[in-house]
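Novice: Below is a structure I'd like to ask you about.
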Amino acid sequence: MACEKQVWGLILTCFLIIWWVCEAKVSVSSTITNDNEEKVNLSLYYESLCPFCANFIVNQLVKVFKTDLISIVNLRLVPWGNTQISPNNTWICQHGVDECRLDVAEACAIKLWPSVETHFKFIYCIERLHLMNRHTEWQSCFGATGLNPTPLRNCYTNGLGYQIEKGYAGETARLNPPHRFVPWVLVNNQPLQEDYQNFIAYICRAYRGHKIPQACKSGFPEINSSEIGTSTPQVCNVGEVKT
C-alpha cells in the first residue's frame, strides 16, 4: 500500500510538472504572438541610386536600429521604385543600368539574409557608398559587414534575383494609392507621402502596445497635417529622366 501511494504521488508530481511546463510554454508563446501583433509595419519602397532614398536610409531610417524603435517595428524594404518595364520586357531603371544591378543585389540580400538587422546593414553600406559617389565599390560591403559574397553572387547570376525583383515590381504596381515618387514610406499600409521624414512620429502614434520604446518618449515632433505638402519634398518622381 505504501508503495502504491508513493507511485501515485510520483505520477501526480510528474503530471503537475508537465502541466506547469505546458502552461509556461503557452504563456510565452502567447506573449510573443501578442508582441508581434502589436508591432507597427513600416515599409520602404525605393530604388538604389535615388540620392534621396540613400539619404533617407543612411541618415533617417537607420534611427530604427540606433534607438529601441526596432522593438515595435516590422521593417520591410522593397527595392524597385520607379523602374519601368518596356514592351520587350527589359527594365528601364531611372538612374541607369547600375541601378538595375544594385536593386537586384539588394533584393538578393533581403532574400538570403531575412534578418532585417543583417540585410539592412548590407543595404546601408551600399547606400552610404552611393552618397559618397562610390557605389561602384559596393562589393566592398561584403568585407565591411562580414557577409559571405558567394550566395548573393549566385542569386544574381542564376536568375533568382530577377525573379524576386519581378515580384517587387508587381507589388509596387499594386500600391493603392499608386506611389508618385520614392522614397515612398508606409506605416501600417498608410502612405506618408511628402511627410515621410516624419516617420518616427507616425510609428509612435500607430503603436497600440504597452512596451512604449524610449524613442517614442524623446520629444519627436507631433504630426501636423496642415503642414504636410507645404514644402518641396526631396524625392525622385515617377517618370523623371535622370542622367
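For the C-alpha cells, the naming scheme is as follows: chains receive sequential letters (A, B, ...) according to their order of presentation, residues are indexed from 1 within each chain, and ligands are indexed from 1 in presentation order.
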Could you pull out all residues of segment 117-230 of chain A with a DSSP call of alpha helix (DSSP H) and give them as a PyMOL selection string?

Specialist: chain A and resi 117-131+140-145+149-157+160-173+199-206

Novice: Pick out the residues sitting within 9 Å of Ile72 of chain A, and hand them over as a list in words; count only C-alpha atoms, and ignore anything fewer than 2 positions along from it in its own chain.

Specialist: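 Selected residues are Asp35, Asn36, Glu38, Lys39, Val40, Asn41, Asp68, Leu69, Ile70, Asn74, Ile203, Cys204, Tyr207, Gly209, Lys211, Ile212 and Pro213 of chain A.
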
Novice: Keeping only C-alpha atoms, write the selected residues to a file as a PDB file, in the first residue's frame.

Specialist:
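That gives us result09.pdb:
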ATOM      1  CA  ASP A  35       4.079  41.397 -29.166  1.00  0.00           C
ATOM      2  CA  ASN A  36       4.293  40.617 -32.898  1.00  0.00           C
ATOM      3  CA  GLU A  38       1.192  44.888 -31.751  1.00  0.00           C
ATOM      4  CA  LYS A  39       4.202  45.821 -33.873  1.00  0.00           C
ATOM      5  CA  VAL A  40       3.891  48.623 -36.407  1.00  0.00           C
ATOM      6  CA  ASN A  41       4.526  47.728 -40.060  1.00  0.00           C
ATOM      7  CA  ASP A  68      14.989  50.964 -29.370  1.00  0.00           C
ATOM      8  CA  LEU A  69      12.345  51.604 -32.018  1.00  0.00           C
ATOM      9  CA  ILE A  70      13.056  48.285 -33.740  1.00  0.00           C
ATOM     10  CA  ASN A  74       8.353  45.260 -38.590  1.00  0.00           C
ATOM     11  CA  ILE A 203       5.132  54.907 -35.880  1.00  0.00           C
ATOM     12  CA  CYS A 204       4.779  56.093 -32.298  1.00  0.00           C
ATOM     13  CA  TYR A 207       1.700  51.715 -31.817  1.00  0.00           C
ATOM     14  CA  GLY A 209       1.118  48.044 -27.339  1.00  0.00           C
ATOM     15  CA  LYS A 211       6.007  48.428 -24.232  1.00  0.00           C
ATOM     16  CA  ILE A 212       6.472  52.004 -25.369  1.00  0.00           C
ATOM     17  CA  PRO A 213      10.091  52.447 -26.547  1.00  0.00           C
TER      18      PRO A 213
END

Novice: If DSSP is run on the backbone, what residues of segment 116-199 of chain A are strand (DSSP E or B)? A reply as a PyMOL selection string would be ideal.

Specialist: chain A and resi 181-182+184-187+190-191

Novice: Atom CA of Phe199 of chain A to atom CA of Arg76 of chain A: how many Å, to one decimal?

Specialist: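 One can read the atom CA of Phe199 of chain A to atom CA of Arg76 of chain A distance as 13.8 Å.
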
Novice: Which residue is closest to Ser43 of chain A? Choose from A:Arg153, A:Cys100, A:Lys121, A:Val73 and count only C-alpha atoms.

Specialist: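 Of A:Arg153, A:Cys100, A:Lys121, A:Val73, the one nearest Ser43 of chain A, counting only C-alpha atoms, is A:Val73.
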
Novice: Using only C-alpha atoms, determine which residues lie at most 10 Å from Leu175 of chain A, disregarding the query and same-chain residues fewer than 3 positions distant; provide the list as a ChimeraX atom specification.

Specialist: /A:45,170-172,178-179,189,191

Novice: With distances taken over only C-alpha atoms, which of A:Ala169, A:Leu192, A:Leu112, A:Leu129 is nearest to Ala54 of chain A?

Specialist: A:Leu129

Novice: Excluding Cys50 of chain A and its own-chain neighbours fewer than 6 positions away, which residues fall within 12 Å of it when counting only C-alpha atoms? Please give them as an NGL selection string.

Specialist: :A and (56-57 or 79-83 or 93-96 or 98-100 or 102-103 or 127-128 or 130-131 or 133 or 135 or 181-184 or 234-238 or 240-243)
